[in-house]
Structure formats: structure tokens, C-alpha cells
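Single-structure report; data block below.
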There are 2 protein chains.
Amino acid sequence: MRKPISDRADALPALAEVFRQHGYEGASLSLIGAATGLGKGSLYNFFPGGKEEMAEAVLAEIEAWFEERVFAPLREGGDVTAMFAAVEAYFRSGRRVCLVGALALADSRDRFAARVRRYFAEWVDALAAALAARGREPAAAREAAEDIVAGVQGALVLARALDEPAAFGRAVARLKARAA
Amino acid sequence: MRKPISDRADALPALAEVFRQHGYEGASLSLIGAATGLGKGSLYNFFPGGKEEMAEAVLAEIEAWFEERVFAPLREGGDVTAMFAAVEAYFRSGRRVCLVGALALADSRDRFAARVRRYFAEWVDALAAALAARGREPAAAREAAEDIVAGVQGALVLARALDEPAAFGRAVARLKARAA
DNA sequence: GTCTATACAGTGATAGAC
DNA sequence: GTCTATCACTGTATAGAC
């Protein structure tokens with residue numbers, strides 16, 4: 001809520017945070033209004049499709065962020081270390097949850113199934129390509145990529161469940177070593 | 001719903017399935033009524049505390065199941081292979097989601113925070129004890145235990161997200177090899 | 001464009017008939 | 001004990017004033 005909100009894009013960070021903290025069903029329009037500082041009038045002006053369109057916009061932004069900062073560098077440069085740095089920063093060292101992962105498990109999972117699947121498929125594909133470029137057999141690279149992506153998601157679950165963000169950092173260190 | 005429902009315990013499996021599929025907020029009393037075949041009268045007769053008491057009962061049953069079939073064997077016999085077999089069966093080879101993990105990420109996470117934390121803490125502790133009994137250094141055993149528990153949870157997220165249950169089986173195979 | 005009012009459905013929960 | 005009817009409330013979404 002730091003910057004004045006004059007269009008959809010300005011509202012997305014606050015929106016994303018509400019969905020992350022409360023899930024899709026739990027993110028009521030009152031919570032959304034409070035978090036963004038926008039009334040229902042403005043919200044429906046920006047997002048005529050209502051809450052579903054808000055969530056879609058948030059997911060699209062997340063996907064774009066990862067595409068630019070994680071997937072593309074992985075595919076092009078094969079830079080796995082940079083991925084771990086980006087991921088650790090993005091998830092705030094385990095204090096932030098992965099909205100896409102949460103949506104995959106939760107209530108409204110079929111509503112966003114296509115987007116969720118694409119996000120994870122792209123992540124695994126890009127990481128497998130990077131590992132293959134570093135000399136692994138294609139099949140082994142793909143297994144390792146699945147292992148690492150699942151490891152990140154599981155570490156987020158565990159860190160949140162134990163209320164111990166440091167568990168995420170430990171997991172990332174292990175995964176980094178395994179990827180090297 | 002196979003057996004006639006005459007007390008709380010009979011309703012728990014159907015209840016658990018509803019919470020797993022729709023999350024806590026998404027599991028409305030109408031869904032719960034349809035899944036259990038019970039009217040609101042019966043439900044509130046069995047669970048005077050309403051939905052929250054239903055979820056608590058489900059979580060307690062899950063915890064008891066894992067305590068008996070997973071945690072205790074790990075602590076006593078150190079049988080890691082049996083854990084993987086139990087886990088693979090319980091999560092239906094990746095077609096079933098972990099309710100405790102889902103609650104850790106989702107909306108109503110603080111409501112069940114204590115139970116969620118205990119479930120994962122016991123799992124990690126028991127597994128670490130088993131790995132230590134198999135000769136690992138205590139610190140390494142604990143790291144490996146965290147790695148494996150997180151790996152299971154992450155594999156469930158990934159399998160569900162990709163809509164590819166087989167990804168769970170592949171992950172379990174990798175984790176099993178890593179534990180050996 | 002943004003707010004205030006409100007419509008309408010659906011929620012969890014309760015009361016009372018049987 | 002179980003169902004039906006109903007409660008008060010909150011949800012999303014819309015309409016209309018400004």
C-alpha cells in the first residue's frame with residue numbers, strides 16, 4: 001500500500017499478499033479492500049470479473065516474475081545458483097508461502113488448475129534443461145529437477161508448519177548441494 | 001459412507017475426505033452433510049462444537065493413525081522402509097493430498113497451528129531417531145529427516161499441481177534410496 | 001472513478017416438531 | 001436422535017449518488 005493505487009498493477013502486490021495469507025476462499029472482499037485501501041467500487045472497476053479475475057491477475061504476475069527471473073535464466077544460462085538465490089529471496093527465507101503451491105492443494109484447485117500446472121511444468125522443464133546443460137543425462141536431469149522443485153515446495157510447507165522459517169534455508173542449502 | 005453411521009467415529013473418514021478435497025473454509029456444512037449422509041441435526045449432535053470440532057476430530061484421528069502406523073514403528077524399530085510403504089498407501093500413490101500439510105499453507109492455519117506443528121515435529125523426530133539408530137550422526141540424521149518429510153510433502157504438492165500422481169511415486173523412490 | 005446502499009445467495013448454527 | 005424451518009450473519013456482486 002506504499003504507492004498510490006491508480007491501476008490494476010498497483011494493487012497486485014497487496015492482492016497477492018492477501019491471497020497468500022488467507023487462500024482464495026479466505027480472502028474476502030473486505031480483507032482485500034482493507035489490504036489494498038480500495039473500496040468495492042474501485043475493485044470492481046479494476047477487476048470487472050471480481051475475485052476470480054483478481055486471483056488470475058495475481059497468478060499471471062507471479063508467472064511472469066518467475067518466467068523472467070527464474071525460468072528464462074535457467075533455460076538460457078543454466079544458472080542454477082541464481083535460481084536458488086531468487087527463490088530464497090522471493091519466499092523471504094521461508095517466511096512467505098507459495099501461492100501457486102497453496103492453490104494446488106487447496107479448495108479452489110480446479111478453478112486455477114491450468115495455471116498451476118503450467119507454472120510447475122515450466123519450472124521443472126527449465127530446471128531439467130539447466131541440469132542437462134551441465135552434463136546430466138536427460139532422464140536424470142528431469143528426475144533431479146522434480147526432486148528440487150518438490151523439495152522447495154515441501155520445505156515451504158515444513159517451515160510454515162513448524163513455524164520455523166530457518167528450516168527453509170536449511171532445505172535450500174541441501175538442494176543447492178544436490179544440484180551442484 | 002459404506003457403513004451406517006451411528007457415532008462420531010463412523011463419520012470421520014467421510015469428513016476427512018471432504019476437508020481434504022475442499023479445505024477447511026471450502027468444506028461447507030452442505031458438502032459435509034452430503035458426504036456423510038447426515039443432517040445438520042445429527043452432525044451437531046455428534047459434534048456440538050460445529051465445524052471446528054469436526055476438523056479437530058479428523059486431525060486427531062490422522063495424528064493417531066500416523067502415531068500408530070508410522071511414528072511409533074520408526075522410533076521403536078527404526079523401520080524406514082515400512083514408513084515409505086505406509087505413506088505411499090496412505091496418500092494413495094499421490095492421488096490423495098495431506099490434509100495437515102494443506103492446513104499448514106492455507107487460510108485457517110493459525111486455528112490448527114498447534115496440531116499441525118505437533119504432527120510434523122513428531123514425524124521429523126521419529127524419522128531422525130530411526131536414521132540415527134541406523135548409524136547416522138544425530139545432526140545429519142535430523143537434516144536427512146527434515147529433507148525426507150519435506151520431500152514427501154513437496155511431492156504431494158507437485159503431483160497434485162501437475163495432475164500426475166506418478167510423480168509422487170518417483171519421489172518416494174528417490175527418498176527411499178536417500179534414506180538407505 | 002470512487003463511495004454508500006443494497007440485493008441476494010449461502011454460510012454456520014439453533015430451535016422445535018416428531 | 002433426526003429432520004425441517006429458521007436464525008443472524010457474511011459472502012460476492014450490483015446499482016445509484018456524487
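In the C-alpha cells, chains take letters A, B, ... by order of appearance, with residues numbered from 1 within each chain and ligands from 1 in the order shown.
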### Message
Residues of chain A were defined as contacting chain C if any atom lay at most 10 Å from it, counting only C-alpha atoms (C1' of nucleotides); please report them as a VMD selection string.
### Response
chain A and resid 38 to 43 45
Would you write out those residues with all heavy atoms, as a tab-separated table (two decimals), in the first residue's frame?
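See again-v8.tsv below for the written result:
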```
chain	number	residue	atom	x	y	z
A	38	LEU	N	-8.73	0.00	-1.21
A	38	LEU	CA	-9.71	0.31	-2.25
A	38	LEU	C	-11.11	-0.13	-1.84
A	38	LEU	O	-11.27	-1.16	-1.19
A	38	LEU	CB	-9.35	-0.41	-3.56
A	38	LEU	CG	-8.04	0.00	-4.23
A	38	LEU	CD1	-7.71	-0.95	-5.36
A	38	LEU	CD2	-8.13	1.43	-4.73
A	39	GLY	N	-12.09	0.64	-2.20
A	39	GLY	CA	-13.47	0.25	-1.96
A	39	GLY	C	-13.92	-0.73	-3.02
A	39	GLY	O	-13.24	-0.96	-4.02
A	40	LYS	N	-15.09	-1.32	-2.76
A	40	LYS	CA	-15.57	-2.30	-3.72
A	40	LYS	C	-15.78	-1.68	-5.09
A	40	LYS	O	-15.55	-2.32	-6.12
A	40	LYS	CB	-16.88	-2.93	-3.22
A	40	LYS	CG	-16.70	-3.65	-1.91
A	40	LYS	CD	-17.98	-4.37	-1.49
A	40	LYS	CE	-17.77	-4.97	-0.10
A	40	LYS	NZ	-18.93	-5.75	0.35
A	41	GLY	N	-16.20	-0.43	-5.09
A	41	GLY	CA	-16.38	0.25	-6.37
A	41	GLY	C	-15.12	0.23	-7.20
A	41	GLY	O	-15.13	-0.17	-8.37
A	42	SER	N	-14.01	0.64	-6.58
A	42	SER	CA	-12.74	0.67	-7.32
A	42	SER	C	-12.32	-0.74	-7.71
A	42	SER	O	-11.84	-0.97	-8.83
A	42	SER	CB	-11.66	1.31	-6.45
A	42	SER	OG	-12.14	2.51	-5.89
A	43	LEU	N	-12.48	-1.66	-6.79
A	43	LEU	CA	-12.05	-3.03	-7.08
A	43	LEU	C	-12.78	-3.58	-8.31
A	43	LEU	O	-12.16	-4.15	-9.21
A	43	LEU	CB	-12.30	-3.93	-5.87
A	43	LEU	CG	-11.32	-3.75	-4.71
A	43	LEU	CD1	-11.76	-4.54	-3.49
A	43	LEU	CD2	-9.91	-4.18	-5.13
A	45	ASN	N	-14.15	-1.87	-10.52
A	45	ASN	CA	-13.77	-1.07	-11.68
A	45	ASN	C	-12.51	-1.65	-12.32
A	45	ASN	O	-12.43	-1.79	-13.54
A	45	ASN	CB	-13.56	0.38	-11.26
A	45	ASN	CG	-13.18	1.26	-12.43
A	45	ASN	OD1	-13.69	1.09	-13.54
A	45	ASN	ND2	-12.27	2.20	-12.21
```
Residues of segment 23-60 of chain A within 9 Å of segment 107-121 of chain A: nearest atom pair and distance (Å, one decimal) for each, counting only C-alpha atoms, sorted by chain and number, as a Markdown table?
```
| residue | atom | partner | partner_atom | distance |
| --- | --- | --- | --- | --- |
| A:Gly23 | CA | A:Asp107 | CA | 8.8 |
| A:Tyr24 | CA | A:Ser108 | CA | 7.0 |
| A:Glu25 | CA | A:Ser108 | CA | 7.5 |
| A:Glu52 | CA | A:Arg111 | CA | 8.8 |
| A:Ala55 | CA | A:Phe112 | CA | 8.9 |
| A:Glu56 | CA | A:Phe112 | CA | 7.9 |
| A:Leu59 | CA | A:Arg115 | CA | 7.5 |
| A:Ala60 | CA | A:Arg115 | CA | 8.2 |
```
Go through chain B residue by residue and, counting only C-alpha atoms, keep those with an atom at most 6 Å from chain A; for each kept residue give the shortest atom pair and its distance in Å to one decimal, ordered by chain and increasing number, as a Markdown table.
```
| residue | atom | partner | partner_atom | distance |
| --- | --- | --- | --- | --- |
| B:His22 | CA | A:Asp107 | CA | 4.0 |
| B:Gly23 | CA | A:Asp107 | CA | 5.0 |
| B:Gly26 | CA | A:Asp107 | CA | 5.7 |
| B:Ala102 | CA | A:Leu105 | CA | 5.8 |
| B:Ala104 | CA | A:Ala161 | CA | 5.1 |
| B:Leu105 | CA | A:Ala102 | CA | 5.8 |
| B:Ala106 | CA | A:Gly23 | CA | 5.6 |
| B:Asp107 | CA | A:His22 | CA | 4.0 |
| B:Val116 | CA | A:Ala161 | CA | 5.9 |
| B:Arg117 | CA | A:Leu162 | CA | 4.8 |
| B:Ala150 | CA | A:Gly154 | CA | 4.2 |
| B:Gly151 | CA | A:Gly151 | CA | 5.2 |
| B:Gln153 | CA | A:Gly154 | CA | 4.8 |
| B:Gly154 | CA | A:Gly154 | CA | 3.6 |
| B:Ala155 | CA | A:Ala150 | CA | 5.1 |
| B:Leu158 | CA | A:Ala150 | CA | 6.0 |
| B:Ala161 | CA | A:Ala104 | CA | 5.1 |
| B:Leu162 | CA | A:Arg117 | CA | 4.8 |
```
I need the chain A residues near chain D as an mmCIF file with all heavy atoms, in the first residue's frame; criterion: at most 8 Å, counting only C-alpha atoms (C1' of nucleotides).
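This is the output file result_8.cif:
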```cif
data_model
loop_
_atom_site.group_PDB
_atom_site.id
_atom_site.type_symbol
_atom_site.label_atom_id
_atom_site.label_comp_id
_atom_site.auth_asym_id
_atom_site.auth_seq_id
_atom_site.Cartn_x
_atom_site.Cartn_y
_atom_site.Cartn_z
ATOM 1 N N SER A 28 -11.581 -12.596 1.678
ATOM 2 C CA SER A 28 -12.872 -11.953 1.434
ATOM 3 C C SER A 28 -12.655 -10.555 0.853
ATOM 4 O O SER A 28 -11.573 -9.975 0.968
ATOM 5 C CB SER A 28 -13.661 -11.855 2.722
ATOM 6 O OG SER A 28 -13.040 -10.951 3.602
ATOM 7 N N LEU A 29 -13.705 -10.044 0.251
ATOM 8 C CA LEU A 29 -13.583 -8.713 -0.346
ATOM 9 C C LEU A 29 -13.320 -7.654 0.710
ATOM 10 O O LEU A 29 -12.703 -6.629 0.419
ATOM 11 C CB LEU A 29 -14.851 -8.380 -1.144
ATOM 12 C CG LEU A 29 -14.976 -9.130 -2.462
ATOM 13 C CD1 LEU A 29 -16.144 -8.621 -3.273
ATOM 14 C CD2 LEU A 29 -13.705 -9.010 -3.273
ATOM 15 N N GLY A 50 -14.435 -9.644 -10.805
ATOM 16 C CA GLY A 50 -14.496 -9.935 -9.373
ATOM 17 C C GLY A 50 -13.273 -10.665 -8.861
ATOM 18 O O GLY A 50 -12.174 -10.564 -9.400
#
```
Write out as a Markdown table the residues of segment 47-69 of chain A that have any atom within 10 Å of an atom of segment 80-94 of chain A, one row each with the nearest atom pair and its distance in Å to one decimal, counting only C-alpha atoms, sorted by chain and then rising number.
```
| residue | atom | partner | partner_atom | distance |
| --- | --- | --- | --- | --- |
| A:Trp65 | CA | A:Tyr90 | CA | 9.8 |
| A:Phe66 | CA | A:Ala86 | CA | 8.9 |
| A:Arg69 | CA | A:Ala86 | CA | 7.1 |
```
Suppose we keep C-alpha atoms; can you now write the selection as a short mmCIF file (atom, residue, chain, number, x, y, z; two decimals), in the first residue's frame?
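result-v4.cif was written with the following content:
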```cif
data_model
loop_
_atom_site.label_atom_id
_atom_site.label_comp_id
_atom_site.auth_asym_id
_atom_site.auth_seq_id
_atom_site.Cartn_x
_atom_site.Cartn_y
_atom_site.Cartn_z
CA TRP A 65 8.03 -12.86 -12.41
CA PHE A 66 9.28 -16.43 -12.34
CA ARG A 69 13.78 -14.14 -13.07
#
```
#### Entry: Distance in Å - atom CA of Gly78 of chain A versus atom CA of Ala133 of chain A
6.5 Å
